[in-house]
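What follows is a single structure, written as structure tokens, with notes after it.
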Amino acid sequence: MKDIIYFDNAATTFPKPPSVIEEMSKCMRESCGNPGRGSHPLALAASEILYDCRETAATMFDAESPDNVVFVQNTTHALNLSIKAYIPKGAHVLISDMEHNAVLRPLEEMKRRGCITYDVFPTQGNSSQVLSGIVRRIRDNTSAVVCTLASNICQRRVPSGEIGKLCRDRGILFVADGAQAAGHRRISMKDEGIDVLCVPGHKGLFGPQGIGMMITSVKRLGETMIEGGSGTDSLSMFMPEYLPDRFEAGTVNTPGVAGLLAGMKFVSEIRSECIGAIEKELWYRLYSKMYGDRRFVIYGDRSPSSVVLINKKGRTPTEVSGFLAERGICTRSGLHCAPLAHKTIGTGEYGGVRISFGVFNTMKEVDILCDALFRA
Amino acid sequence: MKQGEFVIFVVRCIYFISQEKYIGGKNMICVSAKRSMNHAVKARRVLSVAGIPCEIVNLDSSVTKRGCAFGVSFPCDMTEKVQNILRRYDLDYGEIIGK
């Protein structure tokens, strides 16, 4: 493979830490029995890996217990599960104007079936403006706020702590999409009042693709989305009434969990705050080189983060991204599965070129990117 | 009985005797860890930290009446201590089998 400069970390982080690859390989070689499906050594070794990962995640995200950590395929799966498990028929839901299709599509589908209604609140402005936008839209039957903690197309973040407090005061469920926040900053479910946190394994937590987590603190029993073997209570016709088994039908992706565990240990060693600081330095480098250049438009708030959305005047995002790809520079163009968010920031027609930094990027790589952008 | 058959017979006897502890033998009992493997792992860990020799075992569906389940086996004479520890960690110790 020719030299690659990777700026598509918001899609999936690359490269992965060597420990992630090693642990996945070790799991496949030494301990890949079916977790929770027997008490022979390999099944037990796999079960121990799952428990270690739940425990690490519960600590990292300040969840109540390892039992509350449910393994799923990805954030989309986690969000679908949260929405379908905990939002009752006839409810009203609030979402932000920066949502990904992983939130928008399940809600729109439920709306089409006559199960729920939803409204969109704006994220532009300071915390109190965002909060008042939510309060104005709350109805008697509003049962949940579902929103992203950090946008996947630009720097915008929501005041999650204030939203969580508002939801808690009013008895509204707060479901947080942590796809772009997990690993980039510290997330505390308790401090931020998050009832359900949905996170991917393969982005900021540096795990492999195909594994994610729904971390729930909801006390009531949720509706299941998938039913099947759980390894326990097999004489019952229904899924177990306890976590995490209730939501984990079928065999869990044990090698994926092993990789996710190693990824979370990597993040814990470096600390999310330090990862965020490195990404901000890279952002400053890019911004200082491009600021004031009238050939480019940089979207979103002027606050540093791991994601930057740009467009070059006279060129489509696909042309720019394609030009970069020919030179081994990986970015992502288009709508990033978030047409609502693009509409919100005014790029609804073509989208933009997303540059997303990771902890393995260097200043030199940012310089090469900027030089290529100037020539694109 | 031929010599080969006798050897197989002895090996099988040893095997069944060694397995007795898993089904509620004289020296061991099982603690139902609320049927979930996740709870069983948690129980095994807190008991191990407390110095109690224990291991995760499969529980027969005829024992649980609910289908497959898991338990943590430990010496019978430590039952009270085990119950106290599991209670302290908010772990339901369920039905004690083999007492």
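In the structure tokens, the first chain shown is A, the next is B, and so on; residue numbers restart at 1 for each chain, and ligands run from 1 in the order shown.
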Give the residues of chain A that lie within 8 Å of chain B; count only C-alpha atoms, and format the answer as a PyMOL selection string. chain A and resi 36+38-39+44+47-48+51+67+231-236+244-245
Cys274 in chain A environment, 12 Å, only C-alpha atoms, sequence neighbours closer than 6 positions dropped, as a short mmCIF file (atom, residue, chain, number, x, y, z; two decimals) with C-alpha atoms, in the first residue's frame:
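The resulting selection_11.cif:
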data_model
loop_
_atom_site.label_atom_id
_atom_site.label_comp_id
_atom_site.auth_asym_id
_atom_site.auth_seq_id
_atom_site.Cartn_x
_atom_site.Cartn_y
_atom_site.Cartn_z
CA GLY A 183 -12.76 8.76 23.34
CA HIS A 184 -12.42 12.41 22.36
CA ARG A 185 -13.56 13.80 25.66
CA ARG A 186 -14.57 12.45 29.06
CA PHE A 266 -5.26 2.59 25.04
CA VAL A 267 -7.57 5.60 25.42
CA SER A 268 -7.44 5.34 29.22
CA LYS A 280 -7.09 20.63 18.83
CA GLU A 281 -3.43 21.34 18.03
CA GLY A 358 -6.89 11.36 14.97
CA VAL A 359 -4.28 10.96 17.63
#
For the atom pair CA of Ala182 in chain A and CA of Val307 in chain A, what is the interatomic distance in Å to one decimal place?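 Here the two named atoms are 13.7 Å from each other.
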If DSSP is run on the backbone, what residues of range 223-355 of chain A are helix (DSSP H, G or I)? A reply as a VMD selection string would be ideal. chain A and resid 245 to 247 254 to 270 272 to 290 317 to 326 339 to 345
Taking the chain letters and numbering used in this document, name the residues of range 20-141 of chain A that DSSP puts in strand (DSSP E or B), as an mmCIF file with all heavy atoms, in the first residue's frame.
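The result, written out as states-v1.cif:
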data_model
loop_
_atom_site.group_PDB
_atom_site.id
_atom_site.type_symbol
_atom_site.label_atom_id
_atom_site.label_comp_id
_atom_site.auth_asym_id
_atom_site.auth_seq_id
_atom_site.Cartn_x
_atom_site.Cartn_y
_atom_site.Cartn_z
ATOM 1 N N VAL A 69 -23.971 -2.484 30.522
ATOM 2 C CA VAL A 69 -23.275 -2.347 29.233
ATOM 3 C C VAL A 69 -23.721 -3.486 28.310
ATOM 4 O O VAL A 69 -23.441 -4.654 28.573
ATOM 5 C CB VAL A 69 -21.745 -2.391 29.440
ATOM 6 C CG1 VAL A 69 -21.020 -2.306 28.096
ATOM 7 C CG2 VAL A 69 -21.297 -1.273 30.374
ATOM 8 N N VAL A 70 -24.426 -3.115 27.251
ATOM 9 C CA VAL A 70 -24.952 -4.103 26.299
ATOM 10 C C VAL A 70 -24.136 -4.022 25.011
ATOM 11 O O VAL A 70 -23.970 -2.933 24.456
ATOM 12 C CB VAL A 70 -26.441 -3.797 25.984
ATOM 13 C CG1 VAL A 70 -26.979 -4.750 24.925
ATOM 14 C CG2 VAL A 70 -27.281 -3.851 27.249
ATOM 15 N N PHE A 71 -23.631 -5.158 24.561
ATOM 16 C CA PHE A 71 -22.868 -5.158 23.309
ATOM 17 C C PHE A 71 -23.816 -5.230 22.114
ATOM 18 O O PHE A 71 -24.740 -6.045 22.095
ATOM 19 C CB PHE A 71 -21.885 -6.322 23.268
ATOM 20 C CG PHE A 71 -20.777 -6.189 24.272
ATOM 21 C CD1 PHE A 71 -20.602 -7.129 25.273
ATOM 22 C CD2 PHE A 71 -19.916 -5.098 24.227
ATOM 23 C CE1 PHE A 71 -19.581 -6.992 26.207
ATOM 24 C CE2 PHE A 71 -18.902 -4.947 25.162
ATOM 25 C CZ PHE A 71 -18.735 -5.893 26.152
ATOM 26 N N VAL A 72 -23.532 -4.358 21.153
ATOM 27 C CA VAL A 72 -24.312 -4.313 19.913
ATOM 28 C C VAL A 72 -23.318 -4.229 18.754
ATOM 29 O O VAL A 72 -22.110 -4.278 18.976
ATOM 30 C CB VAL A 72 -25.273 -3.098 19.902
ATOM 31 C CG1 VAL A 72 -26.371 -3.257 20.923
ATOM 32 C CG2 VAL A 72 -24.504 -1.795 20.145
ATOM 33 N N HIS A 92 -43.933 11.601 22.185
ATOM 34 C CA HIS A 92 -43.341 12.689 21.407
ATOM 35 C C HIS A 92 -41.848 12.735 21.754
ATOM 36 O O HIS A 92 -41.465 12.582 22.906
ATOM 37 C CB HIS A 92 -44.032 14.008 21.781
ATOM 38 C CG HIS A 92 -43.392 15.211 21.159
ATOM 39 N ND1 HIS A 92 -42.699 16.143 21.907
ATOM 40 C CD2 HIS A 92 -43.340 15.633 19.873
ATOM 41 C CE1 HIS A 92 -42.258 17.094 21.099
ATOM 42 N NE2 HIS A 92 -42.630 16.815 19.859
ATOM 43 N N VAL A 93 -41.031 12.939 20.726
ATOM 44 C CA VAL A 93 -39.577 12.899 20.917
ATOM 45 C C VAL A 93 -38.968 14.186 20.392
ATOM 46 O O VAL A 93 -39.454 14.772 19.423
ATOM 47 C CB VAL A 93 -38.968 11.687 20.152
ATOM 48 C CG1 VAL A 93 -37.462 11.608 20.343
ATOM 49 C CG2 VAL A 93 -39.621 10.383 20.590
ATOM 50 N N LEU A 94 -37.905 14.652 21.043
ATOM 51 C CA LEU A 94 -37.172 15.819 20.556
ATOM 52 C C LEU A 94 -35.784 15.396 20.111
ATOM 53 O O LEU A 94 -35.104 14.645 20.823
ATOM 54 C CB LEU A 94 -37.057 16.876 21.662
ATOM 55 C CG LEU A 94 -38.345 17.623 21.991
ATOM 56 C CD1 LEU A 94 -38.149 18.494 23.227
ATOM 57 C CD2 LEU A 94 -38.794 18.473 20.808
ATOM 58 N N ILE A 95 -35.385 15.889 18.940
ATOM 59 C CA ILE A 95 -34.021 15.626 18.463
ATOM 60 C C ILE A 95 -33.386 16.949 18.052
ATOM 61 O O ILE A 95 -34.091 17.934 17.798
ATOM 62 C CB ILE A 95 -33.994 14.639 17.270
ATOM 63 C CG1 ILE A 95 -34.666 15.243 16.034
ATOM 64 C CG2 ILE A 95 -34.644 13.325 17.656
ATOM 65 C CD1 ILE A 95 -34.452 14.418 14.763
ATOM 66 N N SER A 96 -32.061 16.971 17.963
ATOM 67 C CA SER A 96 -31.393 18.211 17.573
ATOM 68 C C SER A 96 -31.337 18.331 16.053
ATOM 69 O O SER A 96 -31.586 17.360 15.328
ATOM 70 C CB SER A 96 -29.981 18.251 18.155
ATOM 71 O OG SER A 96 -29.076 17.608 17.285
ATOM 72 N N THR A 117 -44.387 10.880 17.373
ATOM 73 C CA THR A 117 -44.169 12.132 16.638
ATOM 74 C C THR A 117 -42.843 12.701 17.149
ATOM 75 O O THR A 117 -42.392 12.346 18.237
ATOM 76 C CB THR A 117 -45.292 13.151 16.884
ATOM 77 O OG1 THR A 117 -45.410 13.353 18.301
ATOM 78 C CG2 THR A 117 -46.610 12.684 16.317
ATOM 79 N N TYR A 118 -42.228 13.547 16.346
ATOM 80 C CA TYR A 118 -40.997 14.173 16.846
ATOM 81 C C TYR A 118 -40.839 15.593 16.324
ATOM 82 O O TYR A 118 -41.418 15.954 15.300
ATOM 83 C CB TYR A 118 -39.766 13.321 16.524
ATOM 84 C CG TYR A 118 -39.336 13.327 15.071
ATOM 85 C CD1 TYR A 118 -38.414 14.264 14.588
ATOM 86 C CD2 TYR A 118 -39.824 12.380 14.169
ATOM 87 C CE1 TYR A 118 -38.006 14.256 13.263
ATOM 88 C CE2 TYR A 118 -39.422 12.364 12.849
ATOM 89 C CZ TYR A 118 -38.510 13.307 12.398
ATOM 90 O OH TYR A 118 -38.123 13.293 11.089
ATOM 91 N N ASP A 119 -40.076 16.390 17.048
ATOM 92 C CA ASP A 119 -39.741 17.750 16.638
ATOM 93 C C ASP A 119 -38.239 17.937 16.730
ATOM 94 O O ASP A 119 -37.550 17.208 17.451
ATOM 95 C CB ASP A 119 -40.441 18.772 17.540
ATOM 96 C CG ASP A 119 -41.895 18.972 17.129
ATOM 97 O OD1 ASP A 119 -42.126 19.252 15.938
ATOM 98 O OD2 ASP A 119 -42.781 18.821 17.987
ATOM 99 N N VAL A 120 -37.779 18.964 16.018
ATOM 100 C CA VAL A 120 -36.341 19.230 15.957
ATOM 101 C C VAL A 120 -36.040 20.538 16.681
ATOM 102 O O VAL A 120 -36.696 21.549 16.432
ATOM 103 C CB VAL A 120 -35.883 19.326 14.481
ATOM 104 C CG1 VAL A 120 -34.387 19.635 14.395
ATOM 105 C CG2 VAL A 120 -36.216 18.035 13.733
ATOM 106 N N PHE A 121 -35.055 20.516 17.585
ATOM 107 C CA PHE A 121 -34.675 21.768 18.251
ATOM 108 C C PHE A 121 -33.330 22.270 17.708
ATOM 109 O O PHE A 121 -32.478 21.463 17.333
ATOM 110 C CB PHE A 121 -34.635 21.594 19.780
ATOM 111 C CG PHE A 121 -33.561 20.671 20.297
ATOM 112 C CD1 PHE A 121 -32.266 21.133 20.545
ATOM 113 C CD2 PHE A 121 -33.834 19.334 20.553
ATOM 114 C CE1 PHE A 121 -31.276 20.287 21.021
ATOM 115 C CE2 PHE A 121 -32.843 18.473 21.028
ATOM 116 C CZ PHE A 121 -31.560 18.960 21.263
#
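Computed from the coordinates, the CA of Thr344 in chain A to CA of Phe357 in chain A distance equals 22.7 Å.
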CA of Asn253 in chain A to CA of Asn34 in chain A, straight-line distance in Å: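 Atom-to-atom, CA of Asn34 in chain A to CA of Asn253 in chain A, that is 9.2 Å.
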Between A:Ser65, A:Thr148, A:Gln73, A:Thr56, which has the minimum distance to Ile211 in chain A (counting only C-alpha atoms)?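 Closest candidate: A:Gln73.
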Excluding Gly171 in chain A and its own-chain neighbours fewer than 3 positions away, which residues fall within 9 Å of it when counting only C-alpha atoms? Please give them as a list in words.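 Near neighbours after the sequence-gap exclusion: Ser143, Ala144, Leu166, Cys167 and Arg168 of chain A.
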